[in-house]
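Step one of this worksheet: look at the structure below.
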Amino acid sequence: MDAIDPLTTDIVVRNLRPSDLEAVIRLDAKNVGRRRDEFFKLKLKQALSDTGITVSLAAELQGIFVGFLLARVFYGEFGVTERVAVLDVIDVHPDFRGHHVAASLLAQLRTNLLGLGITTLRTEAGWDSHDLLAFFRHEGFVMAQRLCLDLDLKATQARADR
């Protein structure tokens, strides 16, 4: 039987607030190596206002901001008509990885979405993001029946100009 991590039981998951913006930016910068202020200003604004349903969450451990997720609810996109949620970002402070912060965030998101009658959560991950993919697999994510396609606009424009 696994030992219970005492820190896990102290994780507080709550709704993300506008006042969390700087903590979100600092945490992301710690993990990606640069600040993305404008990206998160826009994402947080969208997550907290555009859908009318707040599903983005923050995690605190002993009063310290240690993780967050940004998610949105869509009422149909790309030809799909059912309501789905999209997980845009999930992030955990590196010092608190392995303490079930991301799992706690995702568990609360799952509860909130099911309470809203939403049964599908979608996200994307880079094929080489091994730790993230392992986490998603552990949480029950499976390959979608959809393909994500990219178009290199410069390359296709150069080809069209010939």
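Identifiers in the structure tokens: chain A, B, ... in order shown; residue index from 1 per chain; ligand index from 1 in order shown.
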List every residue of stretch 70-145 of chain A that DSSP, applied to the backbone, labels as strand (DSSP E), and write the result as a ChimeraX atom specification.
-> /A:70-74,84-92,121-122
Could you save the residues just selected, with all heavy atoms, as a compact mmCIF listing (two decimals), in the first residue's frame?
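Printed below is selection.txt as written:
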```txt
# COMPACT_ATOMS: atom_id res chain seq x y z
N LEU A 70 -6.09 26.32 -16.74
CA LEU A 70 -7.00 27.18 -17.49
C LEU A 70 -7.82 26.28 -18.40
O LEU A 70 -7.26 25.51 -19.18
CB LEU A 70 -6.23 28.19 -18.33
CG LEU A 70 -5.42 29.25 -17.57
CD1 LEU A 70 -4.60 30.09 -18.55
CD2 LEU A 70 -6.32 30.13 -16.75
N ALA A 71 -9.12 26.40 -18.28
CA ALA A 71 -10.01 25.59 -19.10
C ALA A 71 -11.18 26.45 -19.54
O ALA A 71 -11.50 27.47 -18.91
CB ALA A 71 -10.51 24.38 -18.31
N ARG A 72 -11.82 26.04 -20.61
CA ARG A 72 -12.97 26.75 -21.15
C ARG A 72 -14.05 25.75 -21.56
O ARG A 72 -13.73 24.60 -21.85
CB ARG A 72 -12.58 27.56 -22.39
CG ARG A 72 -11.58 28.65 -22.11
CD ARG A 72 -11.07 29.31 -23.37
NE ARG A 72 -10.14 28.38 -24.04
CZ ARG A 72 -10.01 28.30 -25.35
NH1 ARG A 72 -10.72 29.03 -26.16
NH2 ARG A 72 -9.15 27.44 -25.87
N VAL A 73 -15.26 26.23 -21.61
CA VAL A 73 -16.37 25.41 -22.08
C VAL A 73 -16.78 25.93 -23.45
O VAL A 73 -16.92 27.13 -23.65
CB VAL A 73 -17.57 25.48 -21.11
CG1 VAL A 73 -18.77 24.74 -21.68
CG2 VAL A 73 -17.18 24.90 -19.75
N PHE A 74 -16.90 25.01 -24.40
CA PHE A 74 -17.35 25.36 -25.74
C PHE A 74 -18.70 24.70 -25.99
O PHE A 74 -18.94 23.57 -25.59
CB PHE A 74 -16.36 24.86 -26.80
CG PHE A 74 -15.12 25.70 -26.89
CD1 PHE A 74 -13.94 25.26 -26.31
CD2 PHE A 74 -15.13 26.92 -27.54
CE1 PHE A 74 -12.80 26.02 -26.38
CE2 PHE A 74 -13.99 27.69 -27.63
CZ PHE A 74 -12.82 27.24 -27.04
N VAL A 84 -18.29 20.73 -24.93
CA VAL A 84 -17.04 20.12 -24.48
C VAL A 84 -16.25 21.17 -23.70
O VAL A 84 -16.45 22.36 -23.87
CB VAL A 84 -16.16 19.60 -25.65
CG1 VAL A 84 -16.89 18.53 -26.45
CG2 VAL A 84 -15.70 20.72 -26.55
N ALA A 85 -15.35 20.69 -22.87
CA ALA A 85 -14.42 21.57 -22.20
C ALA A 85 -13.05 21.36 -22.82
O ALA A 85 -12.72 20.27 -23.28
CB ALA A 85 -14.38 21.27 -20.70
N VAL A 86 -12.27 22.43 -22.83
CA VAL A 86 -10.92 22.37 -23.37
C VAL A 86 -9.96 22.83 -22.28
O VAL A 86 -10.14 23.90 -21.69
CB VAL A 86 -10.78 23.27 -24.62
CG1 VAL A 86 -9.34 23.32 -25.09
CG2 VAL A 86 -11.71 22.79 -25.73
N LEU A 87 -8.99 21.99 -22.01
CA LEU A 87 -7.94 22.30 -21.05
C LEU A 87 -6.81 22.98 -21.82
O LEU A 87 -6.13 22.34 -22.63
CB LEU A 87 -7.45 21.03 -20.37
CG LEU A 87 -6.28 21.16 -19.40
CD1 LEU A 87 -6.64 22.06 -18.22
CD2 LEU A 87 -5.86 19.78 -18.91
N ASP A 88 -6.64 24.29 -21.60
CA ASP A 88 -5.61 25.04 -22.32
C ASP A 88 -4.25 24.90 -21.67
O ASP A 88 -3.24 24.75 -22.37
CB ASP A 88 -5.98 26.53 -22.37
CG ASP A 88 -7.14 26.82 -23.30
OD1 ASP A 88 -7.21 26.20 -24.38
OD2 ASP A 88 -7.97 27.67 -22.95
N VAL A 89 -4.18 24.99 -20.36
CA VAL A 89 -2.91 24.98 -19.64
C VAL A 89 -3.10 24.30 -18.29
O VAL A 89 -4.11 24.54 -17.62
CB VAL A 89 -2.39 26.42 -19.37
CG1 VAL A 89 -1.06 26.39 -18.62
CG2 VAL A 89 -2.27 27.23 -20.64
N ILE A 90 -2.16 23.46 -17.92
CA ILE A 90 -2.08 22.96 -16.55
C ILE A 90 -0.61 23.10 -16.15
O ILE A 90 0.28 22.74 -16.92
CB ILE A 90 -2.60 21.51 -16.40
CG1 ILE A 90 -2.66 21.11 -14.93
CG2 ILE A 90 -1.82 20.53 -17.25
CD1 ILE A 90 -3.48 19.84 -14.66
N ASP A 91 -0.38 23.67 -14.98
CA ASP A 91 0.98 23.99 -14.59
C ASP A 91 1.15 23.81 -13.09
O ASP A 91 0.26 24.18 -12.32
CB ASP A 91 1.27 25.45 -14.96
CG ASP A 91 2.72 25.71 -15.31
OD1 ASP A 91 3.59 24.86 -15.00
OD2 ASP A 91 2.99 26.77 -15.91
N VAL A 92 2.27 23.24 -12.69
CA VAL A 92 2.57 22.99 -11.28
C VAL A 92 3.99 23.47 -11.01
O VAL A 92 4.89 23.23 -11.80
CB VAL A 92 2.43 21.49 -10.93
CG1 VAL A 92 2.88 21.21 -9.50
CG2 VAL A 92 1.00 21.03 -11.14
N LEU A 121 -13.59 16.28 -21.99
CA LEU A 121 -12.52 17.25 -21.78
C LEU A 121 -11.44 16.98 -22.82
O LEU A 121 -10.99 15.84 -22.96
CB LEU A 121 -11.93 17.12 -20.37
CG LEU A 121 -10.73 18.02 -20.04
CD1 LEU A 121 -11.10 19.50 -20.16
CD2 LEU A 121 -10.21 17.70 -18.65
N ARG A 122 -11.07 18.03 -23.56
CA ARG A 122 -10.06 17.88 -24.60
C ARG A 122 -8.83 18.72 -24.25
O ARG A 122 -8.94 19.76 -23.63
CB ARG A 122 -10.60 18.36 -25.94
CG ARG A 122 -11.69 17.47 -26.47
CD ARG A 122 -11.88 17.66 -27.97
NE ARG A 122 -12.80 16.65 -28.41
CZ ARG A 122 -14.05 16.89 -28.81
NH1 ARG A 122 -14.50 18.12 -28.87
NH2 ARG A 122 -14.83 15.90 -29.18
```
Pick out the residues sitting within 10 Å of A:Glu22, and hand them over as number ranges by chain; count only C-alpha atoms, and ignore anything fewer than 6 positions along from it in its own chain.
-> A: 28, 37, 40-41
Output N, CA and C atoms for every residue in that selection, as a PDB file, in the first residue's frame.
```pdb
ATOM      1  N   ASP A  28       4.385  30.028 -14.590  1.00  0.00           N
ATOM      2  CA  ASP A  28       4.646  29.616 -15.968  1.00  0.00           C
ATOM      3  C   ASP A  28       6.073  29.968 -16.376  1.00  0.00           C
ATOM      4  N   ASP A  37       3.467  37.427 -20.321  1.00  0.00           N
ATOM      5  CA  ASP A  37       2.471  38.301 -19.718  1.00  0.00           C
ATOM      6  C   ASP A  37       1.229  38.483 -20.589  1.00  0.00           C
ATOM      7  N   PHE A  40      -0.990  35.315 -20.973  1.00  0.00           N
ATOM      8  CA  PHE A  40      -1.798  34.972 -19.813  1.00  0.00           C
ATOM      9  C   PHE A  40      -2.814  36.049 -19.456  1.00  0.00           C
ATOM     10  N   LYS A  41      -2.540  37.299 -19.764  1.00  0.00           N
ATOM     11  CA  LYS A  41      -3.569  38.334 -19.558  1.00  0.00           C
ATOM     12  C   LYS A  41      -4.790  37.993 -20.399  1.00  0.00           C
TER      13      LYS A  41
END
```
Suppose you want the space between atom CA of A:Gly115 and atom CA of A:Ser56; what is it in Å?
->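 Here the two named atoms are 14.5 Å from each other.
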List the neighbours of stretch 139-143 of chain A out to 9 Å using only C-alpha atoms; skip same-chain residues closer than 4 positions along the sequence, and give me the result as an mmCIF file with all heavy atoms, in the first residue's frame.
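Printed below is result_14.cif as written:
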```cif
data_model
loop_
_atom_site.group_PDB
_atom_site.id
_atom_site.type_symbol
_atom_site.label_atom_id
_atom_site.label_comp_id
_atom_site.auth_asym_id
_atom_site.auth_seq_id
_atom_site.Cartn_x
_atom_site.Cartn_y
_atom_site.Cartn_z
ATOM 1 N N ALA A 103 -3.106 16.365 -10.232
ATOM 2 C CA ALA A 103 -4.216 15.409 -10.101
ATOM 3 C C ALA A 103 -5.367 16.020 -9.312
ATOM 4 O O ALA A 103 -6.540 15.798 -9.639
ATOM 5 C CB ALA A 103 -3.728 14.125 -9.435
ATOM 6 N N LEU A 106 -7.141 18.483 -11.622
ATOM 7 C CA LEU A 106 -7.929 17.774 -12.625
ATOM 8 C C LEU A 106 -9.140 17.093 -12.001
ATOM 9 O O LEU A 106 -10.225 17.069 -12.599
ATOM 10 C CB LEU A 106 -7.053 16.769 -13.369
ATOM 11 C CG LEU A 106 -7.588 16.300 -14.708
ATOM 12 C CD1 LEU A 106 -7.896 17.457 -15.637
ATOM 13 C CD2 LEU A 106 -6.595 15.374 -15.363
ATOM 14 N N ALA A 107 -8.996 16.565 -10.804
ATOM 15 C CA ALA A 107 -10.136 15.928 -10.126
ATOM 16 C C ALA A 107 -11.245 16.945 -9.867
ATOM 17 O O ALA A 107 -12.431 16.661 -10.080
ATOM 18 C CB ALA A 107 -9.675 15.291 -8.817
ATOM 19 N N LEU A 121 -13.586 16.280 -21.990
ATOM 20 C CA LEU A 121 -12.523 17.253 -21.779
ATOM 21 C C LEU A 121 -11.445 16.982 -22.819
ATOM 22 O O LEU A 121 -10.987 15.842 -22.957
ATOM 23 C CB LEU A 121 -11.931 17.121 -20.372
ATOM 24 C CG LEU A 121 -10.728 18.017 -20.042
ATOM 25 C CD1 LEU A 121 -11.100 19.500 -20.160
ATOM 26 C CD2 LEU A 121 -10.205 17.699 -18.645
ATOM 27 N N ARG A 122 -11.069 18.027 -23.558
ATOM 28 C CA ARG A 122 -10.057 17.885 -24.598
ATOM 29 C C ARG A 122 -8.835 18.720 -24.252
ATOM 30 O O ARG A 122 -8.935 19.764 -23.627
ATOM 31 C CB ARG A 122 -10.602 18.361 -25.943
ATOM 32 C CG ARG A 122 -11.686 17.475 -26.472
ATOM 33 C CD ARG A 122 -11.882 17.661 -27.968
ATOM 34 N NE ARG A 122 -12.803 16.650 -28.411
ATOM 35 C CZ ARG A 122 -14.052 16.892 -28.813
ATOM 36 N NH1 ARG A 122 -14.498 18.120 -28.871
ATOM 37 N NH2 ARG A 122 -14.833 15.898 -29.183
ATOM 38 N N LEU A 133 2.401 13.704 -21.080
ATOM 39 C CA LEU A 133 1.619 12.626 -21.691
ATOM 40 C C LEU A 133 1.404 11.472 -20.712
ATOM 41 O O LEU A 133 0.307 10.889 -20.659
ATOM 42 C CB LEU A 133 2.308 12.129 -22.964
ATOM 43 C CG LEU A 133 2.264 13.102 -24.141
ATOM 44 C CD1 LEU A 133 3.195 12.632 -25.247
ATOM 45 C CD2 LEU A 133 0.852 13.297 -24.646
ATOM 46 N N ALA A 134 2.423 11.148 -19.915
ATOM 47 C CA ALA A 134 2.269 10.086 -18.911
ATOM 48 C C ALA A 134 1.232 10.487 -17.875
ATOM 49 O O ALA A 134 0.405 9.660 -17.457
ATOM 50 C CB ALA A 134 3.611 9.796 -18.242
ATOM 51 N N PHE A 135 1.237 11.746 -17.463
ATOM 52 C CA PHE A 135 0.234 12.229 -16.512
ATOM 53 C C PHE A 135 -1.159 12.106 -17.118
ATOM 54 O O PHE A 135 -2.084 11.585 -16.475
ATOM 55 C CB PHE A 135 0.521 13.683 -16.111
ATOM 56 C CG PHE A 135 -0.625 14.329 -15.387
ATOM 57 C CD1 PHE A 135 -0.912 13.977 -14.074
ATOM 58 C CD2 PHE A 135 -1.420 15.265 -16.016
ATOM 59 C CE1 PHE A 135 -1.982 14.550 -13.408
ATOM 60 C CE2 PHE A 135 -2.493 15.846 -15.354
ATOM 61 C CZ PHE A 135 -2.777 15.495 -14.044
#
```
The residue from A:Ala102, A:Leu57, A:Leu42, A:Ala29 with the smallest atom-to-atom distance to A:Arg17, counting only C-alpha atoms, is A:Leu57
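With distances restricted to only C-alpha atoms, A:Asp10 is the closest residue to A:Leu61 from A:Asp161, A:Asp10, A:Asp152, A:Glu38.
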Run DSSP on the backbone and grab whatever in chain A lands in alpha helix (DSSP H); send it over as a ChimeraX atom specification.
-> /A:21-32,37-45,101-115,130-138,153-161
